[in-house]
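**Q** Below is a structure I'd like to ask you about.
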Amino acid sequence: MVITYQGGEFVKLQFGDITLACNPVSKNSKLPQTRFGADVCLVSADHPDFNGSEQVAHGEKKPFIIDGAGEYEVKGIFIQGFGSKTNFGGKESINTIYKIVLEGMNICFLGALSDQEISKEADEALDNIDILFVPIGGNGVLDPSKAYKLAVSLEPKLIIPIHFGEISDNKDALKTFLKEAGESATPVDKLTLKKKDLDGKEGDVVVLQAVS
């Protein structure tokens, strides 16, 4: 599996000839936009910074769009969505936490989550997480301290911060998050891994450089 960070909360997961997009940036957003074809598109919150499913329809690829709680199976990918809250954009609205199972790995995408306390249903389902994507920018989503505390409580093998940089007014969000984690991570352009690569890892932080 190859993971790249497109900026904001936009994450691209590629495995074989299947592409999954999480929270793609809309053409109505002020954030930089990336276009490619995806097979599946996950949208956690109805905001232009996250709901650009039209941006991941390209050529013959028209994504299956998932934008809320429930259980889904698409192209061999098993996905569960759990309702939560976000205050991004200045008002409280619905955010969906996603658990994705593919290539034998459990992936959790927290989206624009603003509350450190998640539902009992989500907490019980989010066990044995291999890769966790957590927002760290504050201003309507988790701030760096709360983000790290929640991340550690979920006991993932890898923690990948999102929602920092141009999308956040807190320009020190990543620096603060890494300080909380007691790590100094050098950003990488992409993360390529298999299930066996996660052996022995416990809450390791990986920082992905946003695609320019």
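Every chain in the structure tokens has a letter given in the order shown (A, B, ...), and although residue numbers restart at 1 in each chain, ligands are simply numbered from 1 in the order shown.
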DSSP on the backbone: what in range 37-211 of chain A comes out strand (DSSP E), as a ChimeraX atom specification?

**A** /A:40-42,64-66,70-74,77-86,93-102,105-109,131-135,158-162,191-192,204-205

**Q** Can you tell me, as a PyMOL selection string, what residues are no more than 7 Å from range 188-195 of chain A when counting only C-alpha atoms, ignoring any on the same chain fewer than 2 positions away?

**A** chain A and resi 1-4+104-105+186+197-198+207-209

**Q** Which residues are near Val152 in chain A? Cut-off 10 Å, only C-alpha atoms, ignore same chain within fewer than 6 positions. Put them as a ChimeraX atom specification.

**A** /A:132,146,159,181,202-204

**Q** Please identify all polymer residues within 9 Å of Asp127 in chain A, counting only C-alpha atoms, omitting same-chain residues fewer than 2 positions from it, and present them as a list in words.

**A**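 So, after excluding close chain neighbours, the residues are Asn106, Asp123, Glu124, Ala125, Ile129, Leu154, Glu155 and Pro156 of chain A.
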
**Q** Within 6 Å of Thr19 in chain A, counting only C-alpha atoms, which residues show up once you throw out same-chain ones fewer than 5 positions away? Write them as a PyMOL selection string, please.

**A** chain A and resi 13-14+38-39

**Q** Would you mind reading off the distance between CA of Gly8 in chain A and CA of Ala122 in chain A, one decimal, in Å?

**A**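 Separation between CA of Gly8 in chain A and CA of Ala122 in chain A: 23.5 Å.
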
**Q** Return the single residue from A:Asp17, A:Leu42, A:Asn51, A:Arg35 that is closest to Ile65 in chain A, with distances computed using only C-alpha atoms.

**A**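 Distance minimum relative to Ile65 in chain A lands on A:Leu42.
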